[in-house]
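Structure file query30.cif; described as mmCIF, C-alpha atoms.
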```cif
data_query
loop_
_atom_site.label_atom_id
_atom_site.label_comp_id
_atom_site.auth_asym_id
_atom_site.auth_seq_id
_atom_site.Cartn_x
_atom_site.Cartn_y
_atom_site.Cartn_z
CA MET D 14 -9.21 11.88 13.63
CA SER D 15 -9.90 15.27 12.10
CA SER D 16 -8.37 14.16 8.79
CA LEU D 17 -8.06 10.63 7.51
CA ASN D 18 -4.55 9.21 7.24
CA LEU D 19 -4.65 5.88 5.44
CA ASP D 20 -1.08 5.13 6.51
CA ASP D 21 -2.42 4.52 10.01
CA PHE D 22 -3.93 1.24 8.80
CA THR D 23 -0.48 -0.13 7.99
CA ASP D 24 0.54 0.26 11.62
CA LEU D 25 -2.75 -1.00 13.05
CA ILE D 26 -3.11 -4.20 10.98
CA GLU D 27 -1.26 -7.28 12.19
CA ARG D 28 -1.04 -10.65 10.49
CA PRO D 29 -3.02 -13.61 11.88
CA ASP D 30 -1.05 -15.31 14.66
CA GLY D 31 1.74 -17.35 13.05
CA GLY D 32 2.40 -19.30 16.24
CA VAL D 33 -1.22 -20.36 16.47
CA ARG D 34 -1.13 -21.44 12.83
CA ARG D 35 1.93 -23.63 13.49
CA ASP D 36 0.14 -25.16 16.48
CA ALA D 37 -2.87 -25.84 14.25
CA GLU D 38 -0.65 -27.51 11.66
CA ALA D 39 0.97 -29.65 14.37
CA ARG D 40 -2.44 -30.67 15.70
CA ARG D 41 -3.54 -31.56 12.19
CA GLU D 42 -0.55 -33.90 11.92
CA ARG D 43 -1.81 -35.76 15.01
CA GLN D 44 -5.42 -36.23 13.88
CA ILE D 45 -6.79 -39.58 12.77
CA VAL D 46 -7.36 -38.48 9.16
CA PRO D 47 -4.01 -38.24 7.34
CA PRO D 48 -2.84 -34.70 6.54
CA GLY D 49 -3.71 -33.76 2.98
CA ALA D 50 -6.65 -36.16 2.78
CA LEU D 51 -9.08 -33.25 3.30
CA GLY D 52 -7.54 -31.10 0.58
CA ARG D 53 -8.01 -27.34 1.02
CA LEU D 54 -10.10 -27.92 4.14
CA ASP D 55 -6.84 -28.45 6.02
CA GLU D 56 -5.51 -25.07 4.89
CA LEU D 57 -8.84 -23.39 5.65
CA GLY D 58 -8.98 -24.80 9.16
CA GLU D 59 -5.43 -23.69 9.90
CA TRP D 60 -6.08 -20.21 8.49
CA LEU D 61 -9.21 -19.84 10.58
CA ALA D 62 -7.39 -21.00 13.72
CA ALA D 63 -4.74 -18.32 13.17
CA ALA D 64 -7.38 -15.67 12.44
CA ARG D 65 -9.36 -16.56 15.56
CA GLY D 66 -6.25 -17.07 17.67
CA THR D 67 -7.05 -20.47 19.18
CA VAL D 68 -6.24 -24.15 18.74
CA PRO D 69 -8.52 -26.03 18.40
CA VAL D 70 -10.20 -23.38 16.27
CA ARG D 71 -13.34 -21.84 17.73
CA PRO D 72 -16.41 -22.50 15.57
CA VAL D 73 -17.90 -19.65 13.55
CA GLU D 74 -21.14 -18.95 15.37
CA ARG D 75 -22.28 -15.52 14.16
CA PRO D 76 -21.54 -15.05 10.46
CA ARG D 77 -23.23 -12.20 8.64
CA VAL D 78 -23.72 -11.06 5.07
CA VAL D 79 -22.92 -7.37 4.58
CA LEU D 80 -23.87 -5.76 1.26
CA PHE D 81 -22.92 -2.21 0.28
CA ALA D 82 -25.32 -0.65 -2.22
CA GLY D 83 -25.02 2.14 -4.77
CA ASP D 84 -25.78 3.33 -8.27
CA HIS D 85 -23.08 4.46 -10.68
CA GLY D 86 -23.43 7.21 -13.27
CA VAL D 87 -21.42 5.22 -15.81
CA ALA D 88 -24.45 2.93 -16.17
CA GLU D 89 -26.05 5.72 -18.23
CA LEU D 90 -23.77 4.63 -21.09
CA GLY D 91 -25.53 1.30 -21.48
CA VAL D 92 -22.72 -0.78 -19.97
CA SER D 93 -25.09 -2.93 -17.93
CA ALA D 94 -28.04 -5.15 -18.76
CA ARG D 95 -29.89 -3.42 -15.92
CA PRO D 96 -31.24 0.12 -16.26
CA ALA D 97 -29.22 3.00 -14.80
CA GLY D 98 -30.40 3.76 -11.28
CA GLY D 99 -31.92 0.31 -10.93
CA ALA D 100 -30.11 -0.82 -7.80
CA GLU D 101 -33.08 0.32 -5.71
CA HIS D 102 -35.10 -2.64 -7.02
CA LEU D 103 -32.26 -5.06 -6.27
CA VAL D 104 -32.03 -3.81 -2.69
CA ARG D 105 -35.78 -4.07 -2.28
CA ALA D 106 -35.67 -7.72 -3.37
CA VAL D 107 -32.97 -8.42 -0.77
CA LEU D 108 -34.96 -6.76 1.99
CA GLU D 109 -38.18 -8.50 0.96
CA GLY D 110 -36.46 -11.89 0.93
CA THR D 111 -36.96 -12.68 -2.76
CA SER D 112 -33.41 -12.27 -4.09
CA PRO D 113 -30.97 -15.21 -4.40
CA VAL D 114 -28.83 -14.03 -1.49
CA ALA D 115 -31.90 -13.63 0.71
CA VAL D 116 -33.10 -17.15 -0.11
CA LEU D 117 -29.70 -18.70 0.61
CA ALA D 118 -29.16 -16.65 3.76
CA ARG D 119 -32.56 -17.71 5.07
CA ARG D 120 -31.74 -21.37 4.43
CA LEU D 121 -28.31 -21.03 6.08
CA GLU D 122 -29.77 -18.92 8.93
CA VAL D 123 -27.35 -16.07 8.28
CA PRO D 124 -28.58 -12.48 8.75
CA VAL D 125 -28.16 -10.02 5.87
CA ARG D 126 -27.33 -6.35 6.30
CA VAL D 127 -27.68 -3.83 3.45
CA VAL D 128 -25.85 -0.50 3.68
CA ASP D 129 -27.04 2.18 1.24
CA MET D 130 -24.10 4.39 0.29
CA ALA D 131 -25.29 5.94 -2.98
CA LEU D 132 -28.57 4.55 -4.27
CA ASP D 133 -30.25 6.77 -6.85
CA CYS D 134 -33.56 7.03 -5.02
CA ASP D 135 -35.21 8.93 -2.21
CA PRO D 136 -33.70 7.85 1.12
CA ASP D 137 -37.22 7.51 2.53
CA ALA D 138 -37.65 4.48 0.27
CA PHE D 139 -35.84 2.28 2.82
CA PRO D 140 -35.60 1.90 6.60
CA LYS D 141 -33.29 4.25 8.50
CA ASP D 142 -30.89 1.47 9.43
CA VAL D 143 -30.29 0.89 5.70
CA VAL D 144 -29.80 4.53 4.64
CA ARG D 145 -28.17 6.15 7.69
CA HIS D 146 -24.65 5.93 6.21
CA ARG D 147 -25.61 7.25 2.75
CA VAL D 148 -23.13 9.76 1.32
CA ARG D 149 -24.93 10.93 -1.82
CA ARG D 150 -27.54 10.00 -4.39
CA GLY D 151 -25.69 8.05 -7.08
CA SER D 152 -21.99 8.33 -7.93
CA GLY D 153 -20.60 10.41 -10.80
CA ARG D 154 -20.01 9.22 -14.37
CA ILE D 155 -16.37 8.25 -14.07
CA ASP D 156 -15.48 8.46 -17.77
CA VAL D 157 -15.97 12.24 -17.73
CA GLU D 158 -16.23 13.32 -14.08
CA ASP D 159 -15.19 12.30 -10.60
CA ALA D 160 -17.34 9.74 -8.84
CA LEU D 161 -17.15 11.66 -5.57
CA THR D 162 -15.74 14.82 -4.08
CA PRO D 163 -12.71 14.27 -1.80
CA GLU D 164 -14.95 14.97 1.19
CA GLU D 165 -17.51 12.40 0.04
CA ALA D 166 -14.81 9.80 -0.54
CA GLU D 167 -13.49 10.29 2.98
CA ALA D 168 -17.00 10.18 4.45
CA ALA D 169 -17.73 6.94 2.58
CA LEU D 170 -14.51 5.29 3.69
CA ARG D 171 -15.18 6.37 7.27
CA ALA D 172 -18.68 4.90 6.99
CA GLY D 173 -17.17 1.56 5.98
CA VAL D 174 -14.88 1.70 9.01
CA ALA D 175 -17.87 2.45 11.24
CA VAL D 176 -19.85 -0.48 9.82
CA ALA D 177 -16.92 -2.83 10.46
CA ASP D 178 -16.73 -1.61 14.05
CA GLU D 179 -20.48 -2.09 14.47
CA GLU D 180 -20.21 -5.66 13.23
CA ALA D 181 -17.20 -6.52 15.36
CA ASP D 182 -18.74 -4.93 18.46
CA SER D 183 -22.02 -6.81 17.95
CA GLY D 184 -20.27 -10.19 17.95
CA THR D 185 -20.11 -10.95 14.23
CA ASP D 186 -17.23 -13.41 13.83
CA LEU D 187 -17.10 -13.78 10.03
CA VAL D 188 -18.38 -11.53 7.24
CA VAL D 189 -19.58 -12.46 3.76
CA LEU D 190 -18.98 -9.24 1.80
CA GLY D 191 -20.77 -8.27 -1.40
CA ASP D 192 -22.33 -5.38 -3.28
CA VAL D 193 -25.71 -4.44 -4.72
CA SER D 194 -25.11 -2.04 -7.58
CA VAL D 195 -25.75 -1.12 -11.19
CA GLY D 196 -22.57 -0.18 -13.03
CA GLY D 197 -20.41 -1.53 -10.21
CA THR D 198 -18.51 -4.07 -12.31
CA THR D 199 -17.45 -1.30 -14.71
CA VAL D 200 -16.09 0.81 -11.87
CA ALA D 201 -14.38 -2.23 -10.34
CA ALA D 202 -12.72 -3.05 -13.67
CA VAL D 203 -11.28 0.47 -13.84
CA LEU D 204 -9.75 0.14 -10.38
CA VAL D 205 -8.27 -3.27 -11.16
CA ALA D 206 -6.85 -2.17 -14.51
CA ALA D 207 -5.36 0.96 -12.97
CA LEU D 208 -3.75 -0.86 -10.05
CA CYS D 209 -2.51 -3.78 -12.15
CA GLY D 210 -1.32 -1.69 -15.08
CA THR D 211 -3.44 -3.45 -17.69
CA ASP D 212 -5.57 -2.32 -20.62
CA ALA D 213 -9.35 -2.05 -20.53
CA SER D 214 -9.95 -5.11 -22.70
CA VAL D 215 -8.09 -7.34 -20.22
CA VAL D 216 -10.50 -6.61 -17.37
CA THR D 217 -13.81 -5.99 -19.15
CA GLY D 218 -16.34 -8.71 -18.39
CA ARG D 219 -20.00 -9.29 -19.16
CA GLY D 220 -21.37 -8.38 -15.74
CA GLY D 221 -23.81 -10.17 -13.47
CA GLU D 222 -26.61 -10.17 -16.03
CA ALA D 223 -24.64 -10.88 -19.20
CA ILE D 224 -24.46 -8.06 -21.76
CA ASP D 225 -24.28 -8.43 -25.53
CA ASP D 226 -21.27 -7.59 -27.72
CA LEU D 227 -22.31 -3.99 -28.36
CA ALA D 228 -22.77 -3.31 -24.65
CA TRP D 229 -19.40 -4.97 -23.99
CA MET D 230 -17.74 -2.57 -26.44
CA ARG D 231 -19.42 0.39 -24.75
CA LYS D 232 -18.25 -0.91 -21.39
CA CYS D 233 -14.70 -1.36 -22.67
CA ALA D 234 -14.67 2.20 -24.03
CA ALA D 235 -15.98 3.59 -20.73
CA ILE D 236 -13.28 1.73 -18.80
CA ARG D 237 -10.62 2.99 -21.23
CA ASP D 238 -11.75 6.60 -20.78
CA ALA D 239 -11.96 6.29 -16.99
CA LEU D 240 -8.47 4.75 -16.92
CA ARG D 241 -7.06 7.93 -18.42
CA ARG D 242 -8.49 9.79 -15.45
CA ALA D 243 -7.34 7.19 -12.92
CA ARG D 244 -3.67 6.89 -13.79
CA PRO D 245 -2.60 10.38 -12.62
CA VAL D 246 -3.93 9.71 -9.08
CA LEU D 247 -2.64 6.15 -8.57
CA GLY D 248 -0.38 7.24 -5.72
CA ASP D 249 -3.30 8.41 -3.56
CA GLN D 250 -5.80 5.65 -2.86
CA LEU D 251 -8.46 7.94 -1.40
CA GLN D 252 -8.21 10.23 -4.42
CA LEU D 253 -8.38 7.19 -6.69
CA LEU D 254 -11.66 6.14 -5.08
CA ALA D 255 -12.99 9.68 -5.44
CA THR D 256 -11.97 9.90 -9.09
CA VAL D 257 -13.05 6.53 -10.49
CA GLY D 258 -14.62 4.66 -7.59
CA GLY D 259 -17.91 5.38 -5.89
CA ALA D 260 -19.39 5.72 -2.43
CA ASP D 261 -20.14 2.01 -2.12
CA LEU D 262 -16.63 0.98 -3.21
CA ALA D 263 -14.98 3.53 -0.92
CA ALA D 264 -17.06 2.21 1.97
CA MET D 265 -16.18 -1.40 1.15
CA THR D 266 -12.49 -0.45 1.11
CA GLY D 267 -12.75 1.13 4.55
CA PHE D 268 -14.77 -1.83 5.77
CA LEU D 269 -12.11 -4.31 4.64
CA LEU D 270 -9.31 -2.33 6.24
CA GLN D 271 -11.10 -1.99 9.57
CA CYS D 272 -12.10 -5.67 9.58
CA ALA D 273 -8.40 -6.47 9.33
CA VAL D 274 -7.69 -4.06 12.20
CA ARG D 275 -10.40 -5.76 14.28
CA LYS D 276 -9.18 -9.26 13.25
CA LEU D 277 -12.54 -10.06 11.70
CA PRO D 278 -12.25 -12.57 8.80
CA VAL D 279 -14.00 -11.70 5.54
CA VAL D 280 -15.12 -13.85 2.61
CA LEU D 281 -15.02 -11.77 -0.60
CA ASP D 282 -17.70 -12.13 -3.26
CA GLY D 283 -17.13 -10.97 -6.83
CA VAL D 284 -15.19 -8.40 -8.83
CA VAL D 285 -16.42 -5.38 -6.86
CA ALA D 286 -15.26 -6.80 -3.54
CA ALA D 287 -12.00 -7.92 -5.17
CA ALA D 288 -11.34 -4.44 -6.56
CA CYS D 289 -11.91 -2.87 -3.15
CA ALA D 290 -9.62 -5.46 -1.61
CA LEU D 291 -6.94 -4.54 -4.14
CA VAL D 292 -7.21 -0.87 -3.15
CA ALA D 293 -7.07 -1.85 0.52
CA GLN D 294 -3.97 -3.95 -0.13
CA ARG D 295 -2.27 -0.85 -1.53
CA VAL D 296 -3.08 0.90 1.72
CA ALA D 297 -2.00 -1.90 4.08
CA PHE D 298 -0.07 -4.85 2.66
CA ARG D 299 -0.92 -7.21 5.53
CA ALA D 300 -4.69 -6.76 5.16
CA PRO D 301 -5.29 -9.59 2.61
CA ASP D 302 -4.19 -12.13 5.21
CA TRP D 303 -7.64 -11.65 6.79
CA TRP D 304 -9.64 -12.37 3.63
CA LEU D 305 -10.80 -15.39 1.66
CA ALA D 306 -11.93 -15.37 -1.97
CA GLY D 307 -15.32 -17.07 -1.90
CA HIS D 308 -15.64 -18.00 -5.57
CA ASP D 309 -14.60 -17.38 -9.14
CA SER D 310 -17.30 -15.26 -10.77
CA GLY D 311 -15.80 -15.52 -14.25
CA GLU D 312 -15.13 -11.77 -14.39
CA PRO D 313 -11.61 -11.20 -15.76
CA GLY D 314 -11.11 -8.25 -13.44
CA GLN D 315 -11.76 -10.42 -10.41
CA ALA D 316 -9.26 -13.03 -11.59
CA LYS D 317 -6.64 -10.33 -12.12
CA ALA D 318 -7.18 -8.81 -8.69
CA LEU D 319 -7.16 -12.14 -6.84
CA ASP D 320 -3.99 -13.20 -8.63
CA ARG D 321 -2.31 -9.95 -7.57
CA MET D 322 -3.28 -10.62 -3.95
CA ALA D 323 -2.43 -14.36 -4.12
CA LEU D 324 -5.98 -15.32 -3.12
CA GLU D 325 -7.36 -18.55 -4.58
CA PRO D 326 -11.15 -18.86 -4.92
CA LEU D 327 -12.78 -21.57 -2.83
CA LEU D 328 -15.48 -22.40 -5.39
CA GLU D 329 -15.89 -22.32 -9.17
CA GLN D 330 -19.59 -22.55 -9.90
CA GLY D 331 -19.92 -19.83 -12.53
CA VAL D 332 -22.15 -17.72 -10.27
CA ARG D 333 -22.36 -14.20 -11.73
CA VAL D 334 -25.40 -12.79 -9.98
CA GLY D 335 -23.37 -10.82 -7.41
CA GLU D 336 -25.00 -9.63 -4.17
CA GLY D 337 -22.74 -11.90 -2.12
CA VAL D 338 -24.30 -15.11 -3.48
CA GLY D 339 -21.07 -16.83 -4.57
CA ALA D 340 -19.29 -15.97 -1.33
CA LEU D 341 -22.27 -17.15 0.72
CA LEU D 342 -22.16 -20.49 -1.12
CA ALA D 343 -18.59 -20.86 0.18
CA LEU D 344 -19.63 -20.31 3.79
CA PRO D 345 -20.59 -23.98 4.46
CA LEU D 346 -17.12 -24.95 3.23
CA VAL D 347 -15.51 -22.62 5.77
CA LEU D 348 -17.78 -23.88 8.55
CA SER D 349 -16.98 -27.48 7.61
CA ALA D 350 -13.25 -26.80 7.71
CA ALA D 351 -13.56 -25.29 11.17
CA ALA D 352 -15.64 -28.22 12.46
CA LEU D 353 -13.22 -30.83 11.12
CA ALA D 354 -10.19 -29.00 12.48
CA ALA D 355 -11.78 -28.69 15.92
CA GLU D 356 -13.60 -32.01 16.29
CA LEU D 357 -11.60 -34.72 14.56
CA PRO D 358 -9.91 -36.74 17.33
CA GLU D 359 -6.18 -37.11 17.59
CA ARG D 360 -4.48 -40.48 17.23
CA PRO D 361 -3.71 -42.27 20.52
CA ALA D 362 -0.23 -41.48 21.73
CA ALA D 363 2.21 -44.15 20.62
CA GLU D 364 3.36 -46.41 23.43
CA LYS D 365 6.92 -45.87 24.40
CA GLU D 366 9.27 -48.63 23.38
CA PRO D 367 11.03 -50.33 26.28
CA GLU D 368 14.43 -48.87 26.88
CA GLN D 369 17.20 -51.17 25.70
CA GLU D 370 19.42 -52.50 28.40
CA GLN D 371 22.75 -50.82 28.36
CA ASP D 372 25.87 -52.94 28.10
CA VAL D 373 27.85 -52.91 31.31
#
```
Would you mind writing the structure in this file as structure tokens?
Amino acid sequence: MSSLNLDDFTDLIERPDGGVRRDAEARRERQIVPPGALGRLDELGEWLAAARGTVPVRPVERPRVVLFAGDHGVAELGVSARPAGGAEHLVRAVLEGTSPVAVLARRLEVPVRVVDMALDCDPDAFPKDVVRHRVRRGSGRIDVEDALTPEEAEAALRAGVAVADEEADSGTDLVVLGDVSVGGTTVAAVLVAALCGTDASVVTGRGGEAIDDLAWMRKCAAIRDALRRARPVLGDQLQLLATVGGADLAAMTGFLLQCAVRKLPVVLDGVVAAACALVAQRVAFRAPDWWLAGHDSGEPGQAKALDRMALEPLLEQGVRVGEGVGALLALPLVLSAAALAAELPERPAAEKEPEQEQDV
């Protein structure tokens, strides 16, 4: 395409197979463990069967963590406990295997991919496979300026689409989606507030590394100011991402949309992933049928977004660290649901009762 038409996603995205889901529900009725005894694992197994198009459900064999990385200019206002431009150090910890997500992924034997979209550092700081999709160095300060130019927003969204295609083509069969950013929760809160029609105070949380009351007030003020800039462009999702989003969030939005096109299930992490999902839902209303909410991070913006999309978190562990950690913790639950749905035996067929003799 020479120009990006987001409406195309509406036509390309189909819902998971409803017939397969009904077959999965019928099979569950026949299994030796009574329906309902496994709680949400029943629902998860049936959802996964529909998403993967088979009964019994095929096991998830090649999950992958995908993290989009970027720095946000709004962090200059002191809205984060981390220094502005500090996402470089977070990415380095992931790549060196010392971050929480790296530790968990290593234990679960799940590969991690980091995609630099707008880190505020020299691109030579990281391997080419990390930086090759980068759009710019840092995103703009959204309370007073656009995060991206329209061309950058389109390039970032296209990059997310390309990453989704790369994952689907390589055999990835489930994605754990997260972000590595500084200032990202502020940007996400703006998107959620704009799309849900709420005030800044309703969506302003404390972030991954909790901020104090003064920083929270600065964050709330930044979100309020950015909301004034967001509301006039609510009808154009690409312009919204350019105005108050960022390269990493635009890429995540494109990634989510293309995963739905490619029928690739995604487990969402925290408020940043939820905000991008909310934007993607505005683009294509069937897209959320391909996503799971991994956990409740405690961020009010995430709760608002998930409620709007009717997605219920799988876990509530109070994990705020971001970087896909909470969603990765939910992965064993998804794998367990698939195993139980596929491997629990069915009850023996009931013997037919002898036919009653008919009166002559």
Selection result of the PyMOL selection byres ((chain D and resi 283) around 8) on this file, as number ranges by chain: D: 191, 281-282, 284-287, 308-310, 312, 315, 333, 335, 337, 339-340
Please dump the current selection as a PDB file, keeping the file's coordinate frame; keep C-alpha atoms.
```pdb
ATOM      1  CA  GLY D 191     -20.770  -8.270  -1.400  1.00  0.00           C
ATOM      2  CA  LEU D 281     -15.020 -11.770  -0.600  1.00  0.00           C
ATOM      3  CA  ASP D 282     -17.700 -12.130  -3.260  1.00  0.00           C
ATOM      4  CA  VAL D 284     -15.190  -8.400  -8.830  1.00  0.00           C
ATOM      5  CA  VAL D 285     -16.420  -5.380  -6.860  1.00  0.00           C
ATOM      6  CA  ALA D 286     -15.260  -6.800  -3.540  1.00  0.00           C
ATOM      7  CA  ALA D 287     -12.000  -7.920  -5.170  1.00  0.00           C
ATOM      8  CA  HIS D 308     -15.640 -18.000  -5.570  1.00  0.00           C
ATOM      9  CA  ASP D 309     -14.600 -17.380  -9.140  1.00  0.00           C
ATOM     10  CA  SER D 310     -17.300 -15.260 -10.770  1.00  0.00           C
ATOM     11  CA  GLU D 312     -15.130 -11.770 -14.390  1.00  0.00           C
ATOM     12  CA  GLN D 315     -11.760 -10.420 -10.410  1.00  0.00           C
ATOM     13  CA  ARG D 333     -22.360 -14.200 -11.730  1.00  0.00           C
ATOM     14  CA  GLY D 335     -23.370 -10.820  -7.410  1.00  0.00           C
ATOM     15  CA  GLY D 337     -22.740 -11.900  -2.120  1.00  0.00           C
ATOM     16  CA  GLY D 339     -21.070 -16.830  -4.570  1.00  0.00           C
ATOM     17  CA  ALA D 340     -19.290 -15.970  -1.330  1.00  0.00           C
TER      18      ALA D 340
END
```
Which residues, written as a JSON list (two decimals) with C-alpha atoms, in the coordinates of the input, have at least one atom at most 7 Å from stretch 153-168 of chain D, with all atoms listed in the file counted and residues fewer than 6 positions away on the same chain left out?
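See out-v2.json below for the written result:
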```
[["chain", "number", "residue", "atom", "x", "y", "z"],
["D", 85, "HIS", "CA", -23.08, 4.46, -10.68],
["D", 86, "GLY", "CA", -23.43, 7.21, -13.27],
["D", 87, "VAL", "CA", -21.42, 5.22, -15.81],
["D", 235, "ALA", "CA", -15.98, 3.59, -20.73],
["D", 238, "ASP", "CA", -11.75, 6.60, -20.78],
["D", 239, "ALA", "CA", -11.96, 6.29, -16.99],
["D", 251, "LEU", "CA", -8.46, 7.94, -1.40],
["D", 252, "GLN", "CA", -8.21, 10.23, -4.42],
["D", 254, "LEU", "CA", -11.66, 6.14, -5.08],
["D", 255, "ALA", "CA", -12.99, 9.68, -5.44],
["D", 256, "THR", "CA", -11.97, 9.90, -9.09],
["D", 257, "VAL", "CA", -13.05, 6.53, -10.49],
["D", 258, "GLY", "CA", -14.62, 4.66, -7.59],
["D", 259, "GLY", "CA", -17.91, 5.38, -5.89],
["D", 260, "ALA", "CA", -19.39, 5.72, -2.43],
["D", 263, "ALA", "CA", -14.98, 3.53, -0.92]]
```
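Considering the residues D:Val279, D:Leu341, D:Leu61, D:Leu54 and counting only C-alpha atoms, D:Pro124 has its shortest atom-to-atom contact with D:Leu341.
For the residues D:Glu122, D:Glu325, D:Asp302, D:Glu59, ranking by smallest atom-to-atom distance to D:Arg28 using only C-alpha atoms places D:Asp302 first.
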Determine the residue set returned by the PyMOL selection byres ((chain D and resi 243) around 8) for the present structure, and present it as a CSV table (one decimal) with C-alpha atoms, keeping the file's coordinate frame.
```csv
chain,number,residue,atom,x,y,z
D,203,VAL,CA,-11.3,0.5,-13.8
D,204,LEU,CA,-9.8,0.1,-10.4
D,207,ALA,CA,-5.4,1.0,-13.0
D,239,ALA,CA,-12.0,6.3,-17.0
D,240,LEU,CA,-8.5,4.8,-16.9
D,241,ARG,CA,-7.1,7.9,-18.4
D,242,ARG,CA,-8.5,9.8,-15.4
D,244,ARG,CA,-3.7,6.9,-13.8
D,245,PRO,CA,-2.6,10.4,-12.6
D,246,VAL,CA,-3.9,9.7,-9.1
D,247,LEU,CA,-2.6,6.2,-8.6
D,253,LEU,CA,-8.4,7.2,-6.7
D,256,THR,CA,-12.0,9.9,-9.1
D,257,VAL,CA,-13.0,6.5,-10.5
```
d(atom CA of D:Val296, atom CA of D:Val128) in Å: 22.9 Å
Which of these, D:Gln250, D:Ser152, D:Thr199, D:Ser183, has the shortest distance to D:Asn18 once you count only C-alpha atoms?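 So, comparing all the options, the nearest one is D:Gln250.
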Nearest residue to D:Gly210 out of D:Gly196, D:Arg126, D:Lys317, D:Ala273, using only C-alpha atoms? D:Lys317
Return the single residue from D:Leu51, D:Ala37, D:Leu57, D:Ala169 that is closest to D:Asp129, with distances computed using all atoms listed in the file.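 Under the stated criterion, the closest residue is D:Ala169.
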Please expand the PyMOL selection byres ((chain D and resi 71) around 9) into the concrete residues it hits in this file, giving the result as a ChimeraX atom specification. /D:61-62,65-70,72-74,351-352,355
Compare D:Val280, D:Leu269, D:Ala343, D:Ala206 by their minimum atom-to-atom distance to D:Arg299, counting all atoms listed in the file, and give me the closest one.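 Using all atoms listed in the file, the shortest distance to D:Arg299 belongs to D:Leu269.
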Can you tell me, as a ChimeraX atom specification, which residues sit within 12 Å of (-20.0, -5.9, -22.4) in the file's frame, using all atoms listed in the file? /D:88,90-94,196,198-199,202,213-214,216-236,312-313
Could you state the separation of atom CA of D:Arg147 and atom CA of D:Ala293 in Å, given to one decimal place? 20.8 Å
Grab the atom CA of D:Pro29 to atom CA of D:Ala64 distance for me, in Å with one decimal place. 4.9 Å
For D:Cys272, please output as a ChimeraX atom specification all residues within 9 Å (counting all atoms listed in the file; exclusion window: fewer than 3 positions along the same chain). /D:174,177-178,180-181,188,267-269,275-279,300,303
Write out as a PyMOL selection string which residues come within 8 Å of stretch 38-41 of chain D when counting all atoms listed in the file, dropping same-chain ones fewer than 6 positions away. chain D and resi 48+55+59+354+359
Exercise: D:Asp21 partners within 12 Å, only C-alpha atoms, chain neighbours under 6 positions left out, as a list in words: Met14, Leu270, Gln271, Val274, Val296 and Ala297 of chain D
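Within 7 Å of the point (-22.5, 2.4, -1.3), and counting all atoms listed in the file, the protein, DNA and RNA residues are Phe81, Ala82, Gly83, Val128, Asp129, Met130, Ala131, Ala260, Asp261, Leu262 and Ala264 of chain D.
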